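Everything below concerns the one structure shown next.
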Amino acid sequence: MTTPRRLLLVNGPNLNLLGIREPATYGHDTLADVERLVTDAAAARGFEVTAVQSNHEGVLLDAIHAARTACAGIVINPGGLTHTSVVLRDALSGVALPVAEVHISNVYEREEFRHHSYVHDVAAVHVIGEGIAGYARAVGLLIDVIAGRAEG
Ligand code: CA2
């Protein structure tokens with residue numbers, strides 16, 4: 001079977017507030033800006049993007065499960081679920097797609113509870129604390145991983 005040239009972009013709870021609240025931490029760009037950035041970065045490498053943001057964990061799990069056959073990889077900022085969710089980690093590990101974990105802020109320079117990520121070791125790529133530009137870098141690194149797997 002040929003690998004689909006499509007990525008799933010997942011943004012977790014509260015990321016719909018990007019650009020609206022807490023600009024000192026998360027900047028002035030909106031979720032729509034993030035989705036455009038990722039779509040453009042993927043298009044430059046010949047990939048399309050399906051984007052989902054939800055404040056409901058089950059919606060995110062369903063989107064990840066649907067990606068198993070529809071997508072070649074997943075770019076995810078799990079939001080606060082990063083630090084709490086075994087089920088999100090299980091979904092990512094269950095679909096066995098390459099994953100890029102993105103955080104806009106530098107979680108390691110923030111509260112201790114943000115230092116642990118349940119997603120960390122199921123992700124092949126980590127981009128942390130680079131603002132929304134980090135999503136575009138994650139797309140490039142993820143596609144490199146996908147291309148490497150296709151060769152191997
Ligand atoms: O830095 C990141 O990208 C985070 O994943 C953002 C999460 C936070 O819980 C993680 O520790 C780090 C929070 C997402 C909420 O986003 C907001 C955006 C604007 C205003 C309020 C929340």
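All residue names refer to the structure tokens as shown: chains lettered A, B, ... in order, residues numbered from 1 in each chain, ligands numbered from 1 in order.
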Q: Compile the contact shell of region 7-23 of chain A as a ChimeraX atom specification: residues with an atom at most 7 Å away, counting only C-alpha atoms, same-chain residues fewer than 4 positions apart removed.
A: /A:27-31,47-56,67,71-80
Output for the residues just chosen: N, CA, C and O atoms as a compact mmCIF listing (two decimals), in the first residue's frame:
```
# COMPACT_ATOMS: atom_id res chain seq x y z
N GLY A 27 1.92 34.12 22.55
CA GLY A 27 2.03 34.98 21.38
C GLY A 27 0.69 35.50 20.88
O GLY A 27 -0.36 35.26 21.49
N HIS A 28 0.76 36.19 19.75
CA HIS A 28 -0.43 36.87 19.21
C HIS A 28 -1.07 36.11 18.06
O HIS A 28 -2.13 36.50 17.57
N ASP A 29 -0.42 35.07 17.58
CA ASP A 29 -0.98 34.32 16.45
C ASP A 29 -2.13 33.45 16.91
O ASP A 29 -2.14 32.94 18.04
N THR A 30 -3.07 33.25 16.00
CA THR A 30 -4.28 32.48 16.33
C THR A 30 -4.13 31.03 15.88
O THR A 30 -3.20 30.67 15.14
N LEU A 31 -5.11 30.23 16.28
CA LEU A 31 -5.14 28.83 15.83
C LEU A 31 -5.23 28.76 14.30
O LEU A 31 -4.58 27.92 13.67
N PHE A 47 2.64 17.56 0.83
CA PHE A 47 1.68 16.90 1.73
C PHE A 47 0.47 17.79 1.97
O PHE A 47 0.59 19.03 2.02
N GLU A 48 -0.68 17.18 2.16
CA GLU A 48 -1.89 17.89 2.59
C GLU A 48 -2.07 17.69 4.10
O GLU A 48 -1.41 16.83 4.70
N VAL A 49 -2.94 18.50 4.69
CA VAL A 49 -3.12 18.47 6.15
C VAL A 49 -4.60 18.40 6.49
O VAL A 49 -5.42 19.11 5.91
N THR A 50 -4.91 17.52 7.44
CA THR A 50 -6.21 17.54 8.10
C THR A 50 -5.97 18.09 9.49
O THR A 50 -5.10 17.58 10.21
N ALA A 51 -6.70 19.15 9.86
CA ALA A 51 -6.47 19.80 11.16
C ALA A 51 -7.67 19.56 12.08
O ALA A 51 -8.82 19.67 11.65
N VAL A 52 -7.36 19.26 13.33
CA VAL A 52 -8.40 19.15 14.35
C VAL A 52 -7.94 19.86 15.61
O VAL A 52 -6.76 19.78 15.98
N GLN A 53 -8.83 20.60 16.21
CA GLN A 53 -8.62 21.13 17.58
C GLN A 53 -9.89 20.80 18.34
O GLN A 53 -11.01 20.98 17.82
N SER A 54 -9.71 20.29 19.55
CA SER A 54 -10.90 20.05 20.37
C SER A 54 -10.57 20.20 21.84
O SER A 54 -9.43 19.97 22.27
N ASN A 55 -11.61 20.56 22.59
CA ASN A 55 -11.51 20.60 24.04
C ASN A 55 -12.01 19.30 24.66
O ASN A 55 -12.11 19.20 25.88
N HIS A 56 -12.28 18.30 23.80
CA HIS A 56 -12.83 17.01 24.25
C HIS A 56 -11.86 15.90 23.85
O HIS A 56 -11.61 15.67 22.67
N ALA A 67 -6.68 8.67 11.52
CA ALA A 67 -5.42 8.94 10.81
C ALA A 67 -4.65 7.66 10.49
O ALA A 67 -3.79 7.66 9.60
N CYS A 71 -3.45 8.97 7.02
CA CYS A 71 -2.32 9.90 7.15
C CYS A 71 -0.99 9.16 7.27
O CYS A 71 -0.95 8.00 7.68
N ALA A 72 0.08 9.91 6.98
CA ALA A 72 1.43 9.34 7.08
C ALA A 72 2.09 9.70 8.40
O ALA A 72 3.12 9.10 8.77
N GLY A 73 1.54 10.69 9.11
CA GLY A 73 2.15 11.11 10.38
C GLY A 73 1.27 12.13 11.07
O GLY A 73 0.31 12.64 10.49
N ILE A 74 1.63 12.42 12.33
CA ILE A 74 0.81 13.29 13.17
C ILE A 74 1.69 14.36 13.81
O ILE A 74 2.71 14.05 14.43
N VAL A 75 1.27 15.62 13.66
CA VAL A 75 1.87 16.74 14.40
C VAL A 75 0.90 17.07 15.51
O VAL A 75 -0.28 17.35 15.24
N ILE A 76 1.36 17.05 16.75
CA ILE A 76 0.43 17.25 17.86
C ILE A 76 0.98 18.18 18.92
O ILE A 76 2.13 18.04 19.35
N ASN A 77 0.15 19.16 19.28
CA ASN A 77 0.36 19.90 20.52
C ASN A 77 -0.80 19.49 21.41
O ASN A 77 -1.92 19.96 21.24
N PRO A 78 -0.54 18.60 22.36
CA PRO A 78 -1.64 18.06 23.16
C PRO A 78 -2.17 19.03 24.22
O PRO A 78 -3.10 18.70 24.95
N GLY A 79 -1.58 20.24 24.32
CA GLY A 79 -1.99 21.17 25.38
C GLY A 79 -1.77 20.54 26.74
O GLY A 79 -0.82 19.76 26.94
N GLY A 80 -2.65 20.80 27.67
CA GLY A 80 -2.49 20.28 29.03
C GLY A 80 -2.58 18.77 29.12
O GLY A 80 -2.10 18.16 30.09
```
Q: Check the DSSP output for the backbone and give back, as a PyMOL selection string, the residues of chain A in helix (DSSP H, G or I).
A: chain A and resi 15-17+23-26+31-43+57-70+79-83+86-95+107-109+112-114+120-122+133-151
Output file for the selection above: C-alpha atoms, as an mmCIF file, in the first residue's frame:
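Writing done, so here's again_27.cif:
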```
data_model
loop_
_atom_site.group_PDB
_atom_site.id
_atom_site.type_symbol
_atom_site.label_atom_id
_atom_site.label_comp_id
_atom_site.auth_asym_id
_atom_site.auth_seq_id
_atom_site.Cartn_x
_atom_site.Cartn_y
_atom_site.Cartn_z
ATOM 1 C CA LEU A 15 -5.528 26.029 22.035
ATOM 2 C CA ASN A 16 -8.589 27.605 20.379
ATOM 3 C CA LEU A 17 -7.711 30.559 22.669
ATOM 4 C CA PRO A 23 -0.193 36.506 24.583
ATOM 5 C CA ALA A 24 2.850 36.879 26.872
ATOM 6 C CA THR A 25 3.102 33.067 26.991
ATOM 7 C CA TYR A 26 1.624 31.947 23.674
ATOM 8 C CA LEU A 31 -5.138 28.829 15.829
ATOM 9 C CA ALA A 32 -6.099 29.708 12.231
ATOM 10 C CA ASP A 33 -2.556 31.113 11.768
ATOM 11 C CA VAL A 34 -1.074 27.852 13.102
ATOM 12 C CA GLU A 35 -3.235 25.765 10.781
ATOM 13 C CA ARG A 36 -2.236 27.942 7.788
ATOM 14 C CA LEU A 37 1.463 27.723 8.711
ATOM 15 C CA VAL A 38 1.334 23.941 8.964
ATOM 16 C CA THR A 39 -0.687 23.602 5.749
ATOM 17 C CA ASP A 40 1.859 25.754 3.868
ATOM 18 C CA ALA A 41 4.899 23.955 5.338
ATOM 19 C CA ALA A 42 3.388 20.584 4.421
ATOM 20 C CA ALA A 43 2.391 21.760 0.918
ATOM 21 C CA GLU A 57 -10.313 14.206 24.612
ATOM 22 C CA GLY A 58 -12.517 11.632 22.833
ATOM 23 C CA VAL A 59 -12.738 13.817 19.720
ATOM 24 C CA LEU A 60 -8.933 13.899 19.586
ATOM 25 C CA LEU A 61 -8.730 10.112 20.048
ATOM 26 C CA ASP A 62 -11.225 9.542 17.200
ATOM 27 C CA ALA A 63 -9.219 11.830 14.882
ATOM 28 C CA ILE A 64 -5.991 9.979 15.756
ATOM 29 C CA HIS A 65 -7.638 6.595 15.103
ATOM 30 C CA ALA A 66 -8.966 7.835 11.730
ATOM 31 C CA ALA A 67 -5.421 8.938 10.811
ATOM 32 C CA ARG A 68 -4.178 5.328 11.030
ATOM 33 C CA THR A 69 -5.155 4.663 7.417
ATOM 34 C CA ALA A 70 -5.594 8.229 6.110
ATOM 35 C CA GLY A 79 -1.992 21.173 25.376
ATOM 36 C CA GLY A 80 -2.490 20.281 29.034
ATOM 37 C CA LEU A 81 -3.228 16.637 28.109
ATOM 38 C CA THR A 82 0.535 16.351 27.575
ATOM 39 C CA HIS A 83 0.971 16.154 31.319
ATOM 40 C CA VAL A 86 -2.326 8.042 29.331
ATOM 41 C CA VAL A 87 -5.223 7.481 26.896
ATOM 42 C CA LEU A 88 -3.847 10.052 24.455
ATOM 43 C CA ARG A 89 -0.445 8.392 24.632
ATOM 44 C CA ASP A 90 -2.072 4.964 24.073
ATOM 45 C CA ALA A 91 -3.947 6.277 21.003
ATOM 46 C CA LEU A 92 -0.739 7.671 19.486
ATOM 47 C CA SER A 93 1.193 4.517 20.189
ATOM 48 C CA GLY A 94 -1.758 2.392 18.960
ATOM 49 C CA VAL A 95 -1.878 3.892 15.466
ATOM 50 C CA VAL A 107 7.638 23.779 29.191
ATOM 51 C CA TYR A 108 10.983 23.058 30.894
ATOM 52 C CA GLU A 109 11.229 26.682 32.039
ATOM 53 C CA GLU A 112 7.428 21.503 37.456
ATOM 54 C CA PHE A 113 4.167 19.750 36.483
ATOM 55 C CA ARG A 114 4.789 20.747 32.846
ATOM 56 C CA HIS A 120 7.362 12.256 24.822
ATOM 57 C CA ASP A 121 8.494 8.709 24.219
ATOM 58 C CA VAL A 122 5.891 7.879 21.582
ATOM 59 C CA ALA A 133 7.240 28.669 14.097
ATOM 60 C CA GLY A 134 8.012 25.390 15.874
ATOM 61 C CA TYR A 135 5.032 23.773 14.148
ATOM 62 C CA ALA A 136 6.578 24.442 10.724
ATOM 63 C CA ARG A 137 9.940 23.025 11.835
ATOM 64 C CA ALA A 138 8.141 19.969 13.229
ATOM 65 C CA VAL A 139 6.448 19.391 9.852
ATOM 66 C CA GLY A 140 9.825 19.339 8.087
ATOM 67 C CA LEU A 141 11.396 16.975 10.630
ATOM 68 C CA LEU A 142 8.350 14.696 10.618
ATOM 69 C CA ILE A 143 8.367 14.435 6.823
ATOM 70 C CA ASP A 144 12.089 13.556 7.012
ATOM 71 C CA VAL A 145 11.151 10.694 9.378
ATOM 72 C CA ILE A 146 8.312 9.575 7.074
ATOM 73 C CA ALA A 147 10.650 9.653 4.067
ATOM 74 C CA GLY A 148 13.259 7.640 5.999
ATOM 75 C CA ARG A 149 10.683 4.986 6.936
ATOM 76 C CA ALA A 150 9.463 4.747 3.324
ATOM 77 C CA GLU A 151 13.051 4.070 2.185
#
```
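Closest approach to Ala100 (chain A) among A:Pro4, A:Ala123, A:Ile132, A:Gly46 is made by A:Ala123 (distances from only C-alpha atoms).
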Q: Report the distance between atom 2 (C, counted along the ligand's line) of ligand 1 and CA of Leu97 (chain A) in Å, rounded to one decimal place.
A: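 That distance, rounded to one decimal, is 21.8 Å.
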Q.
Among region 21-150 of chain A, which ones does DSSP assign to strand (DSSP E or B) (computed from the backbone)? Answer as a PyMOL selection string.
A. chain A and resi 48-53+73-77+99-103+125-128
(Q) What's the separation between CA of Gly131 (chain A) and CA of Tyr118 (chain A), in Å to one decimal place? (A)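 CA of Tyr118 (chain A) lies at a distance of 20.9 Å from CA of Gly131 (chain A).
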**Q.** Interatomic distance, atom 12 (C, counted along the ligand's line) of ligand 1 to CA of Ser117 (chain A) (Å, one decimal)
**A.** 9.8 Å
Q. Which is closest to ligand 1 among A:His126, A:Arg6, A:His103, A:Arg45, if we use only C-alpha atoms and all ligand atoms?
A.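 Using only C-alpha atoms and all ligand atoms, ligand 1 sits closest to A:His103.
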